[in-house]
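For reference, query_15.tsv (TSV, C-alpha atoms):
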```
chain	number	residue	atom	x	y	z
A	1	MET	CA	0.00	0.00	0.00
A	2	ASN	CA	2.88	2.31	0.87
A	3	GLU	CA	4.34	1.49	-2.52
A	4	PHE	CA	1.07	2.54	-4.14
A	5	VAL	CA	0.97	5.88	-2.28
A	6	GLN	CA	4.53	6.54	-3.41
A	7	SER	CA	3.62	5.82	-7.03
A	8	LEU	CA	0.55	8.03	-6.73
A	9	ARG	CA	2.70	10.89	-5.50
A	10	LEU	CA	4.98	10.38	-8.50
A	11	TRP	CA	2.00	10.63	-10.86
A	12	PHE	CA	1.40	14.21	-9.84
A	13	ALA	CA	5.00	15.29	-9.24
A	14	PRO	CA	6.58	13.81	-12.35
A	15	GLN	CA	9.79	15.82	-12.09
A	16	ARG	CA	10.64	13.85	-8.94
A	17	ILE	CA	11.21	10.74	-11.02
A	18	ARG	CA	14.27	12.47	-12.47
A	19	ASP	CA	15.74	12.94	-8.97
A	20	GLU	CA	16.45	9.26	-8.52
A	21	GLY	CA	19.13	7.08	-10.03
A	22	ASP	CA	20.52	7.44	-13.55
A	23	THR	CA	18.77	7.96	-16.84
A	24	PRO	CA	18.52	4.49	-18.44
A	25	ASP	CA	19.34	3.71	-22.06
A	26	TYR	CA	16.73	5.53	-24.19
A	27	ARG	CA	15.75	2.24	-25.80
A	28	PHE	CA	14.56	0.88	-22.45
A	29	SER	CA	12.46	4.00	-21.89
A	30	LEU	CA	10.95	3.68	-25.35
A	31	ALA	CA	10.16	0.00	-24.77
A	32	ASN	CA	8.46	0.96	-21.51
A	33	GLU	CA	6.49	3.62	-23.38
A	34	ARG	CA	5.33	1.11	-26.00
A	35	THR	CA	4.19	-1.24	-23.26
A	36	PHE	CA	2.24	1.65	-21.74
A	37	LEU	CA	0.65	2.38	-25.12
A	38	ALA	CA	-0.25	-1.28	-25.60
A	39	TRP	CA	-2.10	-1.19	-22.26
A	40	ILE	CA	-3.83	2.07	-23.24
A	41	ARG	CA	-4.99	0.39	-26.46
A	42	THR	CA	-6.31	-2.52	-24.42
A	43	ALA	CA	-8.18	-0.02	-22.25
A	44	LEU	CA	-9.56	1.75	-25.34
A	45	ALA	CA	-10.65	-1.59	-26.80
A	46	LEU	CA	-12.52	-2.45	-23.60
A	47	ILE	CA	-14.17	0.99	-23.56
A	48	GLY	CA	-15.06	0.61	-27.23
A	49	GLY	CA	-16.56	-2.77	-26.35
A	50	GLY	CA	-18.64	-1.07	-23.67
A	51	PHE	CA	-20.00	1.41	-26.24
A	52	ALA	CA	-20.58	-1.39	-28.73
A	53	VAL	CA	-22.57	-3.53	-26.27
A	54	ASP	CA	-24.83	-0.59	-25.60
A	55	GLN	CA	-25.25	0.43	-29.24
A	56	PHE	CA	-25.32	-2.80	-31.18
A	57	LEU	CA	-27.29	-5.10	-28.88
A	58	PRO	CA	-30.61	-3.25	-28.53
A	59	GLU	CA	-32.51	-6.55	-28.24
A	60	LEU	CA	-31.03	-7.21	-24.81
A	61	ALA	CA	-32.93	-6.33	-21.65
A	62	TRP	CA	-31.75	-2.95	-20.39
A	63	GLY	CA	-30.36	-4.29	-17.11
A	64	ILE	CA	-28.20	-6.94	-18.77
A	65	ARG	CA	-27.00	-4.51	-21.42
A	66	ALA	CA	-26.09	-1.80	-18.90
A	67	GLY	CA	-24.43	-4.36	-16.62
A	68	LEU	CA	-22.25	-5.76	-19.39
A	69	ALA	CA	-21.38	-2.30	-20.69
A	70	LEU	CA	-20.50	-1.05	-17.21
A	71	ALA	CA	-18.33	-4.12	-16.55
A	72	LEU	CA	-16.40	-3.49	-19.77
A	73	LEU	CA	-16.09	0.25	-19.08
A	74	ALA	CA	-14.89	-0.35	-15.51
A	75	ALA	CA	-12.31	-2.83	-16.80
A	76	GLY	CA	-11.19	-0.20	-19.33
A	77	VAL	CA	-10.78	2.48	-16.66
A	78	LEU	CA	-8.84	0.11	-14.38
A	79	CYS	CA	-6.65	-0.88	-17.29
A	80	ALA	CA	-5.83	2.74	-18.16
A	81	LEU	CA	-5.04	3.68	-14.55
A	82	ARG	CA	-2.95	0.59	-14.12
A	83	ALA	CA	-1.11	1.40	-17.37
A	84	VAL	CA	0.14	4.73	-16.07
A	85	ASN	CA	0.92	3.30	-12.63
A	86	HIS	CA	2.93	0.44	-14.09
A	87	TRP	CA	4.74	2.81	-16.43
A	88	VAL	CA	5.81	5.05	-13.53
A	89	ARG	CA	6.94	2.08	-11.45
A	90	CYS	CA	8.93	0.56	-14.32
A	91	GLU	CA	10.53	3.89	-15.12
A	92	ARG	CA	11.57	4.32	-11.49
A	93	ALA	CA	12.86	0.75	-11.19
A	94	MET	CA	14.97	1.24	-14.32
A	95	ARG	CA	16.44	4.46	-12.96
A	96	ARG	CA	17.31	2.80	-9.66
A	97	GLY	CA	18.65	-0.32	-11.36
A	98	GLU	CA	16.12	-2.52	-9.54
A	99	ASP	CA	14.16	-5.47	-10.87
A	100	LEU	CA	11.05	-4.50	-12.82
A	101	PRO	CA	7.85	-4.71	-10.77
A	102	VAL	CA	5.78	-7.86	-11.14
A	103	SER	CA	2.01	-7.68	-11.34
A	104	ARG	CA	-1.00	-9.96	-11.10
A	105	PHE	CA	-3.10	-7.51	-13.12
A	106	PRO	CA	-2.81	-9.39	-16.46
A	107	THR	CA	-4.23	-12.51	-14.80
A	108	LEU	CA	-7.09	-10.56	-13.22
A	109	LEU	CA	-7.90	-8.83	-16.50
A	110	ALA	CA	-7.86	-12.17	-18.35
A	111	LEU	CA	-10.25	-13.63	-15.78
A	112	ALA	CA	-12.55	-10.59	-16.00
A	113	VAL	CA	-12.66	-10.76	-19.81
A	114	GLY	CA	-13.36	-14.49	-19.56
A	115	VAL	CA	-16.25	-13.88	-17.16
A	116	VAL	CA	-17.74	-11.22	-19.47
A	117	ALA	CA	-17.42	-13.60	-22.43
A	118	VAL	CA	-19.16	-16.41	-20.53
A	119	ALA	CA	-21.88	-14.00	-19.42
A	120	MET	CA	-22.34	-12.96	-23.05
A	121	VAL	CA	-22.66	-16.61	-24.15
A	122	VAL	CA	-25.25	-17.28	-21.45
A	123	VAL	CA	-27.18	-14.14	-22.40
A	124	VAL	CA	-27.14	-15.02	-26.09
A	125	LEU	CA	-28.30	-18.61	-25.40
A	126	PHE	CA	-30.98	-17.99	-22.78
A	127	GLY	CA	-31.74	-14.32	-22.20
A	128	TRP	CA	-32.19	-13.03	-25.71
A	129	GLU	CA	-35.96	-12.63	-25.57
A	130	GLY	CA	-36.01	-10.66	-22.29
A	131	ARG	CA	-36.81	-7.06	-23.10
B	1	MET	CA	15.29	8.46	-43.46
B	2	THR	CA	18.95	7.54	-42.94
B	3	THR	CA	20.19	9.86	-40.22
B	4	PRO	CA	23.67	8.94	-39.02
B	5	GLY	CA	23.67	7.06	-35.74
B	6	ARG	CA	20.08	5.94	-36.03
B	7	ASP	CA	18.99	3.02	-33.91
B	8	PRO	CA	19.48	-0.28	-35.80
B	9	GLY	CA	16.44	-1.71	-34.00
B	10	LEU	CA	14.29	1.24	-35.17
B	11	GLN	CA	13.05	1.88	-31.64
B	12	PRO	CA	11.88	5.48	-32.29
B	13	GLU	CA	9.97	4.38	-35.39
B	14	ARG	CA	8.32	1.53	-33.54
B	15	THR	CA	7.33	3.85	-30.75
B	16	ARG	CA	5.95	6.37	-33.24
B	17	LEU	CA	3.86	3.67	-34.89
B	18	ALA	CA	2.63	2.57	-31.47
B	19	TRP	CA	1.39	6.13	-30.90
B	20	ARG	CA	-0.32	6.07	-34.30
B	21	ARG	CA	-2.10	2.80	-33.52
B	22	THR	CA	-3.19	4.11	-30.18
B	23	THR	CA	-4.49	7.34	-31.74
B	24	LEU	CA	-6.50	5.29	-34.23
B	25	SER	CA	-8.02	3.23	-31.39
B	26	CYS	CA	-8.87	6.46	-29.60
B	27	THR	CA	-10.51	7.82	-32.76
B	28	VAL	CA	-12.70	4.73	-33.07
B	29	VAL	CA	-13.82	5.05	-29.45
B	30	ALA	CA	-14.47	8.80	-29.87
B	31	LEU	CA	-16.58	8.11	-32.98
B	32	LEU	CA	-18.58	5.49	-31.07
B	33	ALA	CA	-19.09	8.10	-28.33
B	34	VAL	CA	-20.37	10.66	-30.86
B	35	LYS	CA	-22.69	8.06	-32.41
B	36	GLN	CA	-24.01	7.23	-28.96
B	37	ALA	CA	-24.50	10.89	-28.07
B	38	LEU	CA	-26.44	11.66	-31.25
B	39	HIS	CA	-28.57	8.53	-30.95
B	40	GLY	CA	-31.46	10.32	-29.25
B	41	GLY	CA	-31.41	13.38	-31.51
B	42	ALA	CA	-29.34	16.56	-31.29
B	43	GLY	CA	-30.60	18.14	-28.08
B	44	PRO	CA	-28.50	20.40	-25.82
B	45	ALA	CA	-27.30	17.40	-23.77
B	46	ALA	CA	-26.18	15.65	-26.95
B	47	ILE	CA	-24.22	18.72	-28.05
B	48	VAL	CA	-22.46	18.87	-24.67
B	49	ALA	CA	-21.66	15.15	-24.85
B	50	VAL	CA	-20.28	15.48	-28.39
B	51	SER	CA	-18.14	18.46	-27.37
B	52	LEU	CA	-16.71	16.68	-24.33
B	53	SER	CA	-15.89	13.58	-26.37
B	54	ALA	CA	-14.22	15.75	-29.01
B	55	LEU	CA	-12.25	17.48	-26.27
B	56	ALA	CA	-10.99	14.16	-24.87
B	57	TRP	CA	-10.06	13.05	-28.36
B	58	LEU	CA	-8.23	16.31	-29.09
B	59	GLY	CA	-6.34	16.06	-25.80
B	60	PHE	CA	-5.15	12.60	-26.75
B	61	LEU	CA	-4.31	13.75	-30.27
B	62	ARG	CA	-2.19	16.60	-28.91
B	63	VAL	CA	-0.11	14.32	-26.68
B	64	ALA	CA	0.34	11.84	-29.52
B	65	HIS	CA	1.29	14.57	-31.99
B	66	LEU	CA	3.91	16.10	-29.67
B	67	ARG	CA	5.31	12.66	-29.01
B	68	VAL	CA	5.45	11.76	-32.71
B	69	LEU	CA	7.31	15.02	-33.35
B	70	GLY	CA	9.68	14.17	-30.50
B	71	MET	CA	10.47	10.84	-32.15
B	72	GLY	CA	12.13	12.64	-35.06
B	73	THR	CA	15.55	12.59	-33.43
B	74	ALA	CA	17.96	9.67	-33.21
B	75	ARG	CA	17.85	9.58	-29.38
B	76	PRO	CA	14.39	10.69	-28.23
B	77	LEU	CA	13.83	11.82	-24.66
B	78	PRO	CA	11.71	9.55	-22.49
B	79	LEU	CA	7.96	10.15	-22.35
B	80	SER	CA	7.06	12.83	-19.81
B	81	ALA	CA	4.81	11.81	-16.96
B	82	ARG	CA	2.46	14.64	-17.89
B	83	GLY	CA	2.01	13.15	-21.36
B	84	ALA	CA	1.29	9.73	-19.91
B	85	LEU	CA	-1.18	11.19	-17.43
B	86	THR	CA	-2.98	13.23	-20.10
B	87	ALA	CA	-3.34	10.20	-22.38
B	88	THR	CA	-4.72	8.18	-19.47
B	89	ALA	CA	-7.06	10.98	-18.40
B	90	CYS	CA	-8.52	11.25	-21.90
B	91	THR	CA	-9.06	7.47	-22.02
B	92	VAL	CA	-10.77	7.48	-18.63
B	93	ALA	CA	-12.87	10.50	-19.65
B	94	LEU	CA	-14.25	8.62	-22.67
B	95	ALA	CA	-15.18	5.68	-20.40
B	96	VAL	CA	-16.91	8.02	-17.94
B	97	PHE	CA	-18.93	9.62	-20.77
B	98	ALA	CA	-19.91	6.17	-21.97
B	99	ALA	CA	-21.12	5.25	-18.48
B	100	ALA	CA	-22.98	8.57	-18.16
B	101	MET	CA	-24.70	8.08	-21.52
B	102	LEU	CA	-26.02	4.67	-20.44
B	103	PHE	CA	-28.56	6.37	-18.20
```
Same coordinates, now as structure tokens:
Amino acid sequence: MNEFVQSLRLWFAPQRIRDEGDTPDYRFSLANERTFLAWIRTALALIGGGFAVDQFLPELAWGIRAGLALALLAAGVLCALRAVNHWVRCERAMRRGEDLPVSRFPTLLALAVGVVAVAMVVVVLFGWEGR
Amino acid sequence: MTTPGRDPGLQPERTRLAWRRTTLSCTVVALLAVKQALHGGAGPAAIVAVSLSALAWLGFLRVAHLRVLGMGTARPLPLSARGALTATACTVALAVFAAAMLF
């Protein structure tokens, strides 16, 4: 938790990241940036999925549709926030010469996407006619 | 573009293309947001929603554009935390609009 508060402080005082350690090879920074962008794209895809569920599945009952859309949107927001947090932590670890942070977020996201997919299958098979 | 001392692994180019891909994803989401906003006709609320979505999209576009320009050198500076935060904020803003438009 302390680690998280520290990262959060770094989000809003970005110049402090430069105070620590040495500037790493620019290629490492760029690789970290591309990883960040890949996570942002994942977040955008989830958010786009949330819009799509709402717009392209009008046959679904409102509650199911809103629930699925909100689940996807929440996953997208989490993914975006986690992207910037992970980027800051990696950048700091590289400057300090520490190991890169490990994370269980990919597993959790995979499970969440799996649950949404299963919910979608169930809805398509059984709940289609509910309006 | 054969500048002397360019990276043999084309890291700046790859990063620039990653920004392009991400901007395209953001454009798709922003268009979906506009479609959603105009679904119930063009009332005042719809206009506000369209403007806010466009603002989020433009914010993202600005960060991406500055970053793409910054990739023009052989040894680009690392991404600034402000740029990363702005890109994230615009992404989150689009999600919040989507949630708001559900109701």
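Take the candidates A:Phe56, A:Phe126, A:Trp39, A:Phe51 and check each one against chain B using all atoms listed in the file; the shortest distance goes to A:Phe51.
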Hey, what's within 9 Å of Cys90 of chain B if we count all atoms listed in the file and toss same-chain stuff fewer than 4 positions away? As a ChimeraX atom specification, please? /B:53,55-60,85-86,94-95
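Taking atom CA of Ala87 of chain B as the reference point, atom CA of Val48 of chain B is found at 21.1 Å.
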Between B:Thr73, B:Thr91, B:Ser80, B:Gln11, which residue has the minimum interatomic distance to Cys26 of chain B, considering all atoms listed in the file? B:Thr91
Once you count all atoms listed in the file, which residues of chain B turn out to be within 7 Å of chain A? Could you give them as a PyMOL selection string? chain B and resi 11+15+18-19+22+25-26+29+32+36+75-79+81-82+84-85+88+91-92+95+98-99+102
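Counting from atom CA of Thr27 of chain B, the distance to atom CA of Val63 of chain B is 13.7 Å.
Note that the spacing between atom CA of Ala42 of chain B and atom CA of Val53 of chain A amounts to 21.8 Å.
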Would you mind telling me which residue in B:Leu52, B:Leu10, B:Leu17, B:Val68 lies nearest to Val34 of chain B when using all atoms listed in the file? B:Leu52
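Counting only C-alpha atoms, Val50 of chain B has the following residues at most 8 Å away, ignoring those fewer than 5 positions along the same chain: Ala33, Val34, Ala37 and Leu38 of chain B.
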With a distance cut-off of 12 Å and all atoms listed in the file, select the neighbouring residues of Val115 of chain A, excluding the residue or stretch itself and same-chain residues fewer than 4 positions from it, and output the selection as an mmCIF file with C-alpha atoms, in the coordinates of the input.
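File result-v5.cif, as written:
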```
data_model
loop_
_atom_site.group_PDB
_atom_site.id
_atom_site.type_symbol
_atom_site.label_atom_id
_atom_site.label_comp_id
_atom_site.auth_asym_id
_atom_site.auth_seq_id
_atom_site.Cartn_x
_atom_site.Cartn_y
_atom_site.Cartn_z
ATOM 1 C CA LEU A 68 -22.250 -5.760 -19.390
ATOM 2 C CA ALA A 71 -18.330 -4.120 -16.550
ATOM 3 C CA LEU A 72 -16.400 -3.490 -19.770
ATOM 4 C CA ALA A 75 -12.310 -2.830 -16.800
ATOM 5 C CA LEU A 108 -7.090 -10.560 -13.220
ATOM 6 C CA LEU A 109 -7.900 -8.830 -16.500
ATOM 7 C CA ALA A 110 -7.860 -12.170 -18.350
ATOM 8 C CA LEU A 111 -10.250 -13.630 -15.780
ATOM 9 C CA ALA A 119 -21.880 -14.000 -19.420
ATOM 10 C CA MET A 120 -22.340 -12.960 -23.050
ATOM 11 C CA VAL A 121 -22.660 -16.610 -24.150
ATOM 12 C CA VAL A 122 -25.250 -17.280 -21.450
#
```
